[in-house]
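Listing of protein14.cif; format and content: mmCIF, N, CA and C atoms.
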```cif
data_model
loop_
_atom_site.group_PDB
_atom_site.id
_atom_site.type_symbol
_atom_site.label_atom_id
_atom_site.label_comp_id
_atom_site.auth_asym_id
_atom_site.auth_seq_id
_atom_site.Cartn_x
_atom_site.Cartn_y
_atom_site.Cartn_z
ATOM 1 N N MET D 1 151.708 74.931 171.257
ATOM 2 C CA MET D 1 151.697 75.211 172.681
ATOM 3 C C MET D 1 150.369 75.824 173.106
ATOM 4 N N ASN D 2 149.855 76.707 172.258
ATOM 5 C CA ASN D 2 148.589 77.368 172.534
ATOM 6 C C ASN D 2 147.455 76.349 172.637
ATOM 7 N N LEU D 3 147.501 75.320 171.794
ATOM 8 C CA LEU D 3 146.484 74.267 171.810
ATOM 9 C C LEU D 3 146.540 73.482 173.119
ATOM 10 N N PHE D 4 147.740 73.170 173.576
ATOM 11 C CA PHE D 4 147.886 72.391 174.803
ATOM 12 C C PHE D 4 147.425 73.166 176.033
ATOM 13 N N LEU D 5 147.652 74.468 176.038
ATOM 14 C CA LEU D 5 147.141 75.294 177.138
ATOM 15 C C LEU D 5 145.616 75.303 177.141
ATOM 16 N N GLY D 6 145.028 75.365 175.966
ATOM 17 C CA GLY D 6 143.571 75.315 175.854
ATOM 18 C C GLY D 6 143.010 73.993 176.345
ATOM 19 N N ILE D 7 143.676 72.908 175.966
ATOM 20 C CA ILE D 7 143.217 71.586 176.411
ATOM 21 C C ILE D 7 143.321 71.470 177.928
ATOM 22 N N ALA D 8 144.432 71.930 178.488
ATOM 23 C CA ALA D 8 144.610 71.867 179.947
ATOM 24 C C ALA D 8 143.549 72.701 180.663
ATOM 25 N N ALA D 9 143.288 73.894 180.152
ATOM 26 C CA ALA D 9 142.257 74.734 180.762
ATOM 27 C C ALA D 9 140.885 74.079 180.633
ATOM 28 N N GLY D 10 140.631 73.442 179.506
ATOM 29 C CA GLY D 10 139.368 72.739 179.311
ATOM 30 C C GLY D 10 139.204 71.567 180.258
ATOM 31 N N LEU D 11 140.285 70.853 180.509
ATOM 32 C CA LEU D 11 140.220 69.730 181.454
ATOM 33 C C LEU D 11 139.841 70.217 182.851
ATOM 34 N N VAL D 12 140.419 71.330 183.244
ATOM 35 C CA VAL D 12 140.096 71.898 184.568
ATOM 36 C C VAL D 12 138.653 72.393 184.594
ATOM 37 N N TRP D 13 138.231 73.104 183.558
ATOM 38 C CA TRP D 13 136.871 73.642 183.491
ATOM 39 C C TRP D 13 135.848 72.499 183.490
ATOM 40 N N GLY D 14 136.124 71.452 182.734
ATOM 41 C CA GLY D 14 135.228 70.299 182.699
ATOM 42 C C GLY D 14 135.171 69.573 184.037
ATOM 43 N N ALA D 15 136.310 69.526 184.728
ATOM 44 C CA ALA D 15 136.337 68.892 186.050
ATOM 45 C C ALA D 15 135.477 69.664 187.043
ATOM 46 N N LEU D 16 135.505 70.981 186.963
ATOM 47 C CA LEU D 16 134.656 71.791 187.847
ATOM 48 C C LEU D 16 133.173 71.547 187.564
ATOM 49 N N ALA D 17 132.827 71.464 186.293
ATOM 50 C CA ALA D 17 131.438 71.175 185.937
ATOM 51 C C ALA D 17 131.049 69.760 186.375
ATOM 52 N N ALA D 18 131.977 68.816 186.278
ATOM 53 C CA ALA D 18 131.698 67.449 186.724
ATOM 54 C C ALA D 18 131.474 67.398 188.234
ATOM 55 N N LEU D 19 132.165 68.255 188.981
ATOM 56 C CA LEU D 19 131.938 68.322 190.431
ATOM 57 C C LEU D 19 130.526 68.832 190.741
ATOM 58 N N VAL D 20 130.059 69.783 189.957
ATOM 59 C CA VAL D 20 128.678 70.255 190.125
ATOM 60 C C VAL D 20 127.709 69.105 189.831
ATOM 61 N N ASN D 21 128.004 68.350 188.773
ATOM 62 C CA ASN D 21 127.164 67.193 188.437
ATOM 63 C C ASN D 21 127.160 66.158 189.556
ATOM 64 N N LEU D 22 128.304 65.973 190.206
ATOM 65 C CA LEU D 22 128.387 65.032 191.322
ATOM 66 C C LEU D 22 127.460 65.464 192.459
ATOM 67 N N GLN D 23 127.445 66.739 192.768
ATOM 68 C CA GLN D 23 126.569 67.228 193.830
ATOM 69 C C GLN D 23 125.098 67.038 193.468
ATOM 70 N N ILE D 24 124.776 67.251 192.204
ATOM 71 C CA ILE D 24 123.397 67.019 191.750
ATOM 72 C C ILE D 24 123.033 65.551 191.921
ATOM 73 N N ASN D 25 123.943 64.666 191.556
ATOM 74 C CA ASN D 25 123.696 63.223 191.712
ATOM 75 C C ASN D 25 123.498 62.840 193.176
ATOM 76 N N LYS D 26 124.349 63.351 194.039
ATOM 77 C CA LYS D 26 124.256 63.006 195.461
ATOM 78 C C LYS D 26 122.913 63.424 196.053
ATOM 79 N N LYS D 27 122.473 64.623 195.705
ATOM 80 C CA LYS D 27 121.190 65.093 196.230
ATOM 81 C C LYS D 27 120.036 64.258 195.711
ATOM 82 N N ALA D 28 120.092 63.875 194.438
ATOM 83 C CA ALA D 28 119.019 63.066 193.861
ATOM 84 C C ALA D 28 118.997 61.669 194.470
ATOM 85 N N LEU D 29 120.167 61.089 194.687
ATOM 86 C CA LEU D 29 120.216 59.756 195.289
ATOM 87 C C LEU D 29 119.766 59.786 196.743
ATOM 88 N N ALA D 30 120.018 60.879 197.439
ATOM 89 C CA ALA D 30 119.581 61.000 198.828
ATOM 90 C C ALA D 30 118.055 61.020 198.919
ATOM 91 N N LYS D 31 117.410 61.624 197.922
ATOM 92 C CA LYS D 31 115.948 61.645 197.914
ATOM 93 C C LYS D 31 115.384 60.276 197.601
ATOM 94 N N GLY D 32 116.025 59.570 196.687
ATOM 95 C CA GLY D 32 115.688 58.183 196.443
ATOM 96 C C GLY D 32 114.440 57.907 195.635
ATOM 97 N N ASN D 33 113.877 58.878 194.946
ATOM 98 C CA ASN D 33 112.718 58.568 194.110
ATOM 99 C C ASN D 33 113.042 58.831 192.639
ATOM 100 N N SER D 34 112.212 58.295 191.775
ATOM 101 C CA SER D 34 112.499 58.383 190.343
ATOM 102 C C SER D 34 112.350 59.809 189.810
ATOM 103 N N ASN D 35 111.473 60.600 190.381
ATOM 104 C CA ASN D 35 111.326 61.990 189.930
ATOM 105 C C ASN D 35 112.593 62.798 190.215
ATOM 106 N N ALA D 36 113.220 62.539 191.340
ATOM 107 C CA ALA D 36 114.464 63.242 191.676
ATOM 108 C C ALA D 36 115.575 62.844 190.711
ATOM 109 N N LEU D 37 115.619 61.578 190.345
ATOM 110 C CA LEU D 37 116.638 61.133 189.398
ATOM 111 C C LEU D 37 116.403 61.716 188.010
ATOM 112 N N LEU D 38 115.161 61.819 187.614
ATOM 113 C CA LEU D 38 114.839 62.431 186.332
ATOM 114 C C LEU D 38 115.235 63.908 186.325
ATOM 115 N N ALA D 39 114.940 64.602 187.403
ATOM 116 C CA ALA D 39 115.330 66.011 187.513
ATOM 117 C C ALA D 39 116.853 66.149 187.533
ATOM 118 N N ALA D 40 117.535 65.201 188.165
ATOM 119 C CA ALA D 40 118.995 65.238 188.200
ATOM 120 C C ALA D 40 119.573 65.065 186.802
ATOM 121 N N ASN D 41 119.012 64.174 186.001
ATOM 122 C CA ASN D 41 119.482 64.005 184.625
ATOM 123 C C ASN D 41 119.327 65.291 183.842
ATOM 124 N N LEU D 42 118.198 65.952 184.008
ATOM 125 C CA LEU D 42 117.969 67.227 183.328
ATOM 126 C C LEU D 42 118.957 68.288 183.823
ATOM 127 N N GLY D 43 119.185 68.320 185.115
ATOM 128 C CA GLY D 43 120.124 69.285 185.687
ATOM 129 C C GLY D 43 121.547 69.052 185.212
ATOM 130 N N ARG D 44 121.972 67.789 185.149
ATOM 131 C CA ARG D 44 123.317 67.485 184.677
ATOM 132 C C ARG D 44 123.486 67.863 183.211
ATOM 133 N N THR D 45 122.455 67.614 182.423
ATOM 134 C CA THR D 45 122.516 68.006 181.011
ATOM 135 C C THR D 45 122.657 69.511 180.884
ATOM 136 N N PHE D 46 121.911 70.244 181.695
ATOM 137 C CA PHE D 46 122.001 71.711 181.678
ATOM 138 C C PHE D 46 123.399 72.177 182.064
ATOM 139 N N VAL D 47 123.989 71.567 183.079
ATOM 140 C CA VAL D 47 125.341 71.944 183.512
ATOM 141 C C VAL D 47 126.347 71.671 182.398
ATOM 142 N N ASP D 48 126.230 70.515 181.749
ATOM 143 C CA ASP D 48 127.142 70.182 180.653
ATOM 144 C C ASP D 48 127.024 71.186 179.513
ATOM 145 N N LEU D 49 125.803 71.492 179.125
ATOM 146 C CA LEU D 49 125.594 72.457 178.043
ATOM 147 C C LEU D 49 126.093 73.841 178.435
ATOM 148 N N ALA D 50 125.868 74.233 179.673
ATOM 149 C CA ALA D 50 126.312 75.549 180.134
ATOM 150 C C ALA D 50 127.843 75.641 180.134
ATOM 151 N N ALA D 51 128.516 74.577 180.542
ATOM 152 C CA ALA D 51 129.983 74.583 180.561
ATOM 153 C C ALA D 51 130.545 74.705 179.147
ATOM 154 N N LEU D 52 129.977 73.951 178.215
ATOM 155 C CA LEU D 52 130.449 74.010 176.830
ATOM 156 C C LEU D 52 130.075 75.337 176.167
ATOM 157 N N ALA D 53 128.876 75.818 176.456
ATOM 158 C CA ALA D 53 128.435 77.092 175.877
ATOM 159 C C ALA D 53 129.271 78.257 176.395
ATOM 160 N N ALA D 54 129.670 78.196 177.655
ATOM 161 C CA ALA D 54 130.495 79.271 178.213
ATOM 162 C C ALA D 54 131.827 79.366 177.474
ATOM 163 N N VAL D 55 132.420 78.224 177.176
ATOM 164 C CA VAL D 55 133.681 78.232 176.430
ATOM 165 C C VAL D 55 133.455 78.823 175.040
ATOM 166 N N PHE D 56 132.394 78.390 174.386
ATOM 167 C CA PHE D 56 132.128 78.870 173.037
ATOM 168 C C PHE D 56 131.833 80.370 173.015
ATOM 169 N N LEU D 57 131.017 80.831 173.953
ATOM 170 C CA LEU D 57 130.638 82.242 173.966
ATOM 171 C C LEU D 57 131.782 83.168 174.380
ATOM 172 N N LEU D 58 132.716 82.649 175.151
ATOM 173 C CA LEU D 58 133.856 83.454 175.608
ATOM 174 C C LEU D 58 135.095 83.258 174.734
ATOM 175 N N ARG D 59 134.931 82.627 173.588
ATOM 176 C CA ARG D 59 136.072 82.286 172.738
ATOM 177 C C ARG D 59 136.900 83.506 172.327
ATOM 178 N N GLY D 60 136.289 84.645 172.177
ATOM 179 C CA GLY D 60 137.028 85.845 171.789
ATOM 180 C C GLY D 60 137.886 86.412 172.905
ATOM 181 N N TYR D 61 137.604 86.044 174.144
ATOM 182 C CA TYR D 61 138.315 86.579 175.298
ATOM 183 C C TYR D 61 139.371 85.626 175.848
ATOM 184 N N LEU D 62 139.382 84.394 175.359
ATOM 185 C CA LEU D 62 140.325 83.406 175.874
ATOM 186 C C LEU D 62 141.712 83.647 175.289
ATOM 187 N N PRO D 63 142.750 83.562 176.116
ATOM 188 C CA PRO D 63 144.109 83.807 175.614
ATOM 189 C C PRO D 63 144.737 82.584 174.932
ATOM 190 N N PHE D 64 143.972 81.523 174.761
ATOM 191 C CA PHE D 64 144.481 80.305 174.135
ATOM 192 C C PHE D 64 143.417 79.740 173.209
ATOM 193 N N SER D 65 143.702 78.637 172.620
ATOM 194 C CA SER D 65 142.833 78.019 171.629
ATOM 195 C C SER D 65 141.506 77.578 172.250
ATOM 196 N N TYR D 66 140.405 78.141 171.778
ATOM 197 C CA TYR D 66 139.114 77.746 172.325
ATOM 198 C C TYR D 66 138.705 76.360 171.821
ATOM 199 N N GLU D 67 139.201 75.956 170.646
ATOM 200 C CA GLU D 67 138.898 74.607 170.161
ATOM 201 C C GLU D 67 139.479 73.566 171.101
ATOM 202 N N GLY D 68 140.716 73.797 171.526
ATOM 203 C CA GLY D 68 141.346 72.896 172.489
ATOM 204 C C GLY D 68 140.604 72.882 173.809
ATOM 205 N N MET D 69 140.142 74.052 174.237
ATOM 206 C CA MET D 69 139.403 74.121 175.495
ATOM 207 C C MET D 69 138.064 73.402 175.387
ATOM 208 N N LEU D 70 137.398 73.519 174.244
ATOM 209 C CA LEU D 70 136.149 72.776 174.045
ATOM 210 C C LEU D 70 136.389 71.279 174.116
ATOM 211 N N ILE D 71 137.440 70.820 173.451
ATOM 212 C CA ILE D 71 137.760 69.390 173.460
ATOM 213 C C ILE D 71 138.105 68.942 174.877
ATOM 214 N N GLY D 72 138.944 69.696 175.560
ATOM 215 C CA GLY D 72 139.321 69.346 176.928
ATOM 216 C C GLY D 72 138.128 69.329 177.868
ATOM 217 N N THR D 73 137.235 70.283 177.704
ATOM 218 C CA THR D 73 136.037 70.340 178.547
ATOM 219 C C THR D 73 135.157 69.120 178.315
ATOM 220 N N ALA D 74 134.934 68.776 177.061
ATOM 221 C CA ALA D 74 134.085 67.628 176.745
ATOM 222 C C ALA D 74 134.698 66.330 177.254
ATOM 223 N N VAL D 75 135.999 66.162 177.069
ATOM 224 C CA VAL D 75 136.672 64.946 177.544
ATOM 225 C C VAL D 75 136.605 64.867 179.061
ATOM 226 N N SER D 76 136.890 65.959 179.725
ATOM 227 C CA SER D 76 136.875 65.974 181.180
ATOM 228 C C SER D 76 135.476 65.707 181.736
ATOM 229 N N LEU D 77 134.467 66.333 181.154
ATOM 230 C CA LEU D 77 133.091 66.090 181.594
ATOM 231 C C LEU D 77 132.737 64.613 181.454
ATOM 232 N N SER D 78 133.099 64.036 180.349
ATOM 233 C CA SER D 78 132.747 62.636 180.094
ATOM 234 C C SER D 78 133.475 61.690 181.044
ATOM 235 N N LEU D 79 134.785 61.793 181.092
ATOM 236 C CA LEU D 79 135.564 60.844 181.886
ATOM 237 C C LEU D 79 135.333 61.000 183.379
ATOM 238 N N ILE D 80 135.346 62.208 183.864
ATOM 239 C CA ILE D 80 135.195 62.410 185.310
ATOM 240 C C ILE D 80 133.777 62.063 185.755
ATOM 241 N N SER D 81 132.779 62.336 184.927
ATOM 242 C CA SER D 81 131.411 61.955 185.285
ATOM 243 C C SER D 81 131.274 60.440 185.397
ATOM 244 N N VAL D 82 131.932 59.710 184.514
ATOM 245 C CA VAL D 82 131.897 58.244 184.583
ATOM 246 C C VAL D 82 132.594 57.759 185.850
ATOM 247 N N ILE D 83 133.736 58.345 186.165
ATOM 248 C CA ILE D 83 134.463 57.953 187.381
ATOM 249 C C ILE D 83 133.613 58.215 188.620
ATOM 250 N N PHE D 84 132.995 59.393 188.698
ATOM 251 C CA PHE D 84 132.146 59.715 189.843
ATOM 252 C C PHE D 84 130.939 58.776 189.916
ATOM 253 N N ALA D 85 130.380 58.411 188.778
ATOM 254 C CA ALA D 85 129.225 57.507 188.769
ATOM 255 C C ALA D 85 129.617 56.145 189.325
ATOM 256 N N PHE D 86 130.775 55.634 188.940
ATOM 257 C CA PHE D 86 131.228 54.351 189.474
ATOM 258 C C PHE D 86 131.490 54.447 190.976
ATOM 259 N N ARG D 87 132.046 55.551 191.421
ATOM 260 C CA ARG D 87 132.283 55.709 192.865
ATOM 261 C C ARG D 87 130.971 55.770 193.641
ATOM 262 N N LEU D 88 130.003 56.511 193.120
ATOM 263 C CA LEU D 88 128.703 56.580 193.792
ATOM 264 C C LEU D 88 128.020 55.222 193.803
ATOM 265 N N ALA D 89 128.117 54.486 192.706
ATOM 266 C CA ALA D 89 127.512 53.158 192.641
ATOM 267 C C ALA D 89 128.175 52.217 193.642
ATOM 268 N N GLY D 90 129.486 52.328 193.776
ATOM 269 C CA GLY D 90 130.195 51.504 194.748
ATOM 270 C C GLY D 90 129.781 51.819 196.173
ATOM 271 N N LYS D 91 129.592 53.101 196.465
ATOM 272 C CA LYS D 91 129.145 53.491 197.801
ATOM 273 C C LYS D 91 127.726 53.014 198.063
ATOM 274 N N GLN D 92 126.874 53.043 197.041
ATOM 275 C CA GLN D 92 125.498 52.570 197.197
ATOM 276 C C GLN D 92 125.482 51.075 197.471
ATOM 277 N N LYS D 93 126.338 50.318 196.781
ATOM 278 C CA LYS D 93 126.406 48.864 197.011
ATOM 279 C C LYS D 93 126.889 48.563 198.416
ATOM 280 N N LYS D 94 127.926 49.257 198.853
ATOM 281 C CA LYS D 94 128.455 49.040 200.192
ATOM 282 C C LYS D 94 127.410 49.421 201.243
ATOM 283 N N GLY D 95 126.706 50.490 201.019
ATOM 284 C CA GLY D 95 125.663 50.925 201.946
ATOM 285 C C GLY D 95 124.517 49.926 202.009
ATOM 286 N N GLY D 96 124.195 49.315 200.880
ATOM 287 C CA GLY D 96 123.113 48.329 200.841
ATOM 288 C C GLY D 96 123.488 47.032 201.527
ATOM 289 N N ARG D 97 124.748 46.656 201.499
ATOM 290 C CA ARG D 97 125.207 45.408 202.126
ATOM 291 C C ARG D 97 125.247 45.510 203.637
ATOM 292 N N LYS D 98 125.457 46.703 204.142
ATOM 293 C CA LYS D 98 125.544 46.881 205.596
ATOM 294 C C LYS D 98 124.183 46.768 206.273
ATOM 295 N N ARG D 99 123.133 46.987 205.546
ATOM 296 C CA ARG D 99 121.806 46.992 206.149
ATOM 297 C C ARG D 99 121.316 45.640 206.496
#
```
Take the structure in the file and give it back as structure tokens.
Amino acid sequence: MNLFLGIAAGLVWGALAALVNLQINKKALAKGNSNALLAANLGRTFVDLAALAAVFLLRGYLPFSYEGMLIGTAVSLSLISVIFAFRLAGKQKKGGRKR
């Protein structure tokens, strides 16, 4: 049970970090140049590392399994980031067709 609570908490924590990544992507795409996209990739990597590092560094204070939370965070970051990327790509295609 403790493992499942950790995984659930990790999924939520990873989803929050993925939302931050989405905002970084939106701002970079709005600028529309390659330097902004490069900076966005660096920023997203930093957010991912910070989310995972926070779980690891706070492992002694968590009331549930930190291993489960690490796994949940990584899975959530990966899957939700892919979903957001497809949604942004779809919006970009629709926006390009209207012009």
Evaluate the PyMOL selection byres (((chain D and resi 68 and name CA) around 10) and name CA) against this structure - the residues, as an mmCIF file with N, CA and C atoms, in the frame of the given file, please.
```cif
data_model
loop_
_atom_site.group_PDB
_atom_site.id
_atom_site.type_symbol
_atom_site.label_atom_id
_atom_site.label_comp_id
_atom_site.auth_asym_id
_atom_site.auth_seq_id
_atom_site.Cartn_x
_atom_site.Cartn_y
_atom_site.Cartn_z
ATOM 1 N N ASN D 2 149.855 76.707 172.258
ATOM 2 C CA ASN D 2 148.589 77.368 172.534
ATOM 3 C C ASN D 2 147.455 76.349 172.637
ATOM 4 N N LEU D 3 147.501 75.320 171.794
ATOM 5 C CA LEU D 3 146.484 74.267 171.810
ATOM 6 C C LEU D 3 146.540 73.482 173.119
ATOM 7 N N PHE D 4 147.740 73.170 173.576
ATOM 8 C CA PHE D 4 147.886 72.391 174.803
ATOM 9 C C PHE D 4 147.425 73.166 176.033
ATOM 10 N N LEU D 5 147.652 74.468 176.038
ATOM 11 C CA LEU D 5 147.141 75.294 177.138
ATOM 12 C C LEU D 5 145.616 75.303 177.141
ATOM 13 N N GLY D 6 145.028 75.365 175.966
ATOM 14 C CA GLY D 6 143.571 75.315 175.854
ATOM 15 C C GLY D 6 143.010 73.993 176.345
ATOM 16 N N ILE D 7 143.676 72.908 175.966
ATOM 17 C CA ILE D 7 143.217 71.586 176.411
ATOM 18 C C ILE D 7 143.321 71.470 177.928
ATOM 19 N N ALA D 8 144.432 71.930 178.488
ATOM 20 C CA ALA D 8 144.610 71.867 179.947
ATOM 21 C C ALA D 8 143.549 72.701 180.663
ATOM 22 N N ALA D 9 143.288 73.894 180.152
ATOM 23 C CA ALA D 9 142.257 74.734 180.762
ATOM 24 C C ALA D 9 140.885 74.079 180.633
ATOM 25 N N GLY D 10 140.631 73.442 179.506
ATOM 26 C CA GLY D 10 139.368 72.739 179.311
ATOM 27 C C GLY D 10 139.204 71.567 180.258
ATOM 28 N N LEU D 11 140.285 70.853 180.509
ATOM 29 C CA LEU D 11 140.220 69.730 181.454
ATOM 30 C C LEU D 11 139.841 70.217 182.851
ATOM 31 N N PHE D 64 143.972 81.523 174.761
ATOM 32 C CA PHE D 64 144.481 80.305 174.135
ATOM 33 C C PHE D 64 143.417 79.740 173.209
ATOM 34 N N SER D 65 143.702 78.637 172.620
ATOM 35 C CA SER D 65 142.833 78.019 171.629
ATOM 36 C C SER D 65 141.506 77.578 172.250
ATOM 37 N N TYR D 66 140.405 78.141 171.778
ATOM 38 C CA TYR D 66 139.114 77.746 172.325
ATOM 39 C C TYR D 66 138.705 76.360 171.821
ATOM 40 N N GLU D 67 139.201 75.956 170.646
ATOM 41 C CA GLU D 67 138.898 74.607 170.161
ATOM 42 C C GLU D 67 139.479 73.566 171.101
ATOM 43 N N MET D 69 140.142 74.052 174.237
ATOM 44 C CA MET D 69 139.403 74.121 175.495
ATOM 45 C C MET D 69 138.064 73.402 175.387
ATOM 46 N N LEU D 70 137.398 73.519 174.244
ATOM 47 C CA LEU D 70 136.149 72.776 174.045
ATOM 48 C C LEU D 70 136.389 71.279 174.116
ATOM 49 N N ILE D 71 137.440 70.820 173.451
ATOM 50 C CA ILE D 71 137.760 69.390 173.460
ATOM 51 C C ILE D 71 138.105 68.942 174.877
ATOM 52 N N GLY D 72 138.944 69.696 175.560
ATOM 53 C CA GLY D 72 139.321 69.346 176.928
ATOM 54 C C GLY D 72 138.128 69.329 177.868
ATOM 55 N N THR D 73 137.235 70.283 177.704
ATOM 56 C CA THR D 73 136.037 70.340 178.547
ATOM 57 C C THR D 73 135.157 69.120 178.315
ATOM 58 N N ALA D 74 134.934 68.776 177.061
ATOM 59 C CA ALA D 74 134.085 67.628 176.745
ATOM 60 C C ALA D 74 134.698 66.330 177.254
#
```
Mind checking which residues fall within 8 Å of D:Ile80, counting all atoms listed in the file, ignoring those fewer than 4 positions away in the same chain, and posting them as a count of residues only?
10
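Candidate residues D:Ala17, D:Ala39, D:Ile24, D:Ala89 were compared for distance to D:Ala51, and the nearest is D:Ala17, using only N, CA and C atoms.
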Atomic separation - atom C of D:Val12 relative to atom N of D:Val82, Å:
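Atom-to-atom, atom N of D:Val82 and atom C of D:Val12 are spaced 14.4 Å apart.
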Could you jot down the atom CA of D:Gly60 to atom N of D:Ser78 separation for me, Å, one decimal place?
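Between these atoms lies a distance of 23.8 Å.
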To one decimal in Å, tell me the separation between atom CA of D:Leu79 and atom CA of D:Leu49.
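Interatomic distance, atom CA of D:Leu79 to atom CA of D:Leu49: 15.8 Å.
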If the PyMOL selection byres ((chain D and resi 40-47) around 8) were run on this exact file, what residues would it hold? Put them as a list in words.
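Applied to this file, the PyMOL selection byres ((chain D and resi 40-47) around 8) returns Ala17, Ala18, Val20, Asn21, Leu22, Ile24, Asn25, Lys27, Ala28, Leu29, Ser34, Asn35, Ala36, Leu37, Leu38, Ala39, Asp48, Leu49, Ala50, Ala51, Leu52 and Ala53 of chain D.
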How would the residues just picked look written out with N, CA and C atoms as a PDB file, in the coordinates of the input?
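As a result, part_5.pdb now contains:
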```
ATOM      1  N   ALA D  17     132.827  71.464 186.293  1.00  0.00           N
ATOM      2  CA  ALA D  17     131.438  71.175 185.937  1.00  0.00           C
ATOM      3  C   ALA D  17     131.049  69.760 186.375  1.00  0.00           C
ATOM      4  N   ALA D  18     131.977  68.816 186.278  1.00  0.00           N
ATOM      5  CA  ALA D  18     131.698  67.449 186.724  1.00  0.00           C
ATOM      6  C   ALA D  18     131.474  67.398 188.234  1.00  0.00           C
ATOM      7  N   VAL D  20     130.059  69.783 189.957  1.00  0.00           N
ATOM      8  CA  VAL D  20     128.678  70.255 190.125  1.00  0.00           C
ATOM      9  C   VAL D  20     127.709  69.105 189.831  1.00  0.00           C
ATOM     10  N   ASN D  21     128.004  68.350 188.773  1.00  0.00           N
ATOM     11  CA  ASN D  21     127.164  67.193 188.437  1.00  0.00           C
ATOM     12  C   ASN D  21     127.160  66.158 189.556  1.00  0.00           C
ATOM     13  N   LEU D  22     128.304  65.973 190.206  1.00  0.00           N
ATOM     14  CA  LEU D  22     128.387  65.032 191.322  1.00  0.00           C
ATOM     15  C   LEU D  22     127.460  65.464 192.459  1.00  0.00           C
ATOM     16  N   ILE D  24     124.776  67.251 192.204  1.00  0.00           N
ATOM     17  CA  ILE D  24     123.397  67.019 191.750  1.00  0.00           C
ATOM     18  C   ILE D  24     123.033  65.551 191.921  1.00  0.00           C
ATOM     19  N   ASN D  25     123.943  64.666 191.556  1.00  0.00           N
ATOM     20  CA  ASN D  25     123.696  63.223 191.712  1.00  0.00           C
ATOM     21  C   ASN D  25     123.498  62.840 193.176  1.00  0.00           C
ATOM     22  N   LYS D  27     122.473  64.623 195.705  1.00  0.00           N
ATOM     23  CA  LYS D  27     121.190  65.093 196.230  1.00  0.00           C
ATOM     24  C   LYS D  27     120.036  64.258 195.711  1.00  0.00           C
ATOM     25  N   ALA D  28     120.092  63.875 194.438  1.00  0.00           N
ATOM     26  CA  ALA D  28     119.019  63.066 193.861  1.00  0.00           C
ATOM     27  C   ALA D  28     118.997  61.669 194.470  1.00  0.00           C
ATOM     28  N   LEU D  29     120.167  61.089 194.687  1.00  0.00           N
ATOM     29  CA  LEU D  29     120.216  59.756 195.289  1.00  0.00           C
ATOM     30  C   LEU D  29     119.766  59.786 196.743  1.00  0.00           C
ATOM     31  N   SER D  34     112.212  58.295 191.775  1.00  0.00           N
ATOM     32  CA  SER D  34     112.499  58.383 190.343  1.00  0.00           C
ATOM     33  C   SER D  34     112.350  59.809 189.810  1.00  0.00           C
ATOM     34  N   ASN D  35     111.473  60.600 190.381  1.00  0.00           N
ATOM     35  CA  ASN D  35     111.326  61.990 189.930  1.00  0.00           C
ATOM     36  C   ASN D  35     112.593  62.798 190.215  1.00  0.00           C
ATOM     37  N   ALA D  36     113.220  62.539 191.340  1.00  0.00           N
ATOM     38  CA  ALA D  36     114.464  63.242 191.676  1.00  0.00           C
ATOM     39  C   ALA D  36     115.575  62.844 190.711  1.00  0.00           C
ATOM     40  N   LEU D  37     115.619  61.578 190.345  1.00  0.00           N
ATOM     41  CA  LEU D  37     116.638  61.133 189.398  1.00  0.00           C
ATOM     42  C   LEU D  37     116.403  61.716 188.010  1.00  0.00           C
ATOM     43  N   LEU D  38     115.161  61.819 187.614  1.00  0.00           N
ATOM     44  CA  LEU D  38     114.839  62.431 186.332  1.00  0.00           C
ATOM     45  C   LEU D  38     115.235  63.908 186.325  1.00  0.00           C
ATOM     46  N   ALA D  39     114.940  64.602 187.403  1.00  0.00           N
ATOM     47  CA  ALA D  39     115.330  66.011 187.513  1.00  0.00           C
ATOM     48  C   ALA D  39     116.853  66.149 187.533  1.00  0.00           C
ATOM     49  N   ASP D  48     126.230  70.515 181.749  1.00  0.00           N
ATOM     50  CA  ASP D  48     127.142  70.182 180.653  1.00  0.00           C
ATOM     51  C   ASP D  48     127.024  71.186 179.513  1.00  0.00           C
ATOM     52  N   LEU D  49     125.803  71.492 179.125  1.00  0.00           N
ATOM     53  CA  LEU D  49     125.594  72.457 178.043  1.00  0.00           C
ATOM     54  C   LEU D  49     126.093  73.841 178.435  1.00  0.00           C
ATOM     55  N   ALA D  50     125.868  74.233 179.673  1.00  0.00           N
ATOM     56  CA  ALA D  50     126.312  75.549 180.134  1.00  0.00           C
ATOM     57  C   ALA D  50     127.843  75.641 180.134  1.00  0.00           C
ATOM     58  N   ALA D  51     128.516  74.577 180.542  1.00  0.00           N
ATOM     59  CA  ALA D  51     129.983  74.583 180.561  1.00  0.00           C
ATOM     60  C   ALA D  51     130.545  74.705 179.147  1.00  0.00           C
ATOM     61  N   LEU D  52     129.977  73.951 178.215  1.00  0.00           N
ATOM     62  CA  LEU D  52     130.449  74.010 176.830  1.00  0.00           C
ATOM     63  C   LEU D  52     130.075  75.337 176.167  1.00  0.00           C
ATOM     64  N   ALA D  53     128.876  75.818 176.456  1.00  0.00           N
ATOM     65  CA  ALA D  53     128.435  77.092 175.877  1.00  0.00           C
ATOM     66  C   ALA D  53     129.271  78.257 176.395  1.00  0.00           C
TER      67      ALA D  53
END
```
Box along x, y and z, 4 Å on every side, all listed atoms of stretch 23-27 of chain D inside: centre and edge lengths in Å to one decimal, as AutoDock Vina command-line options.
```
--center_x 123.7 --center_y 65.0 --center_z 193.9 --size_x 15.4 --size_y 12.4 --size_z 12.7
```
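Proximity ranking of D:Lys26, D:Trp13, D:Gly32, D:Ala54 relative to D:Lys91 places D:Lys26 first, based on only C-alpha atoms.
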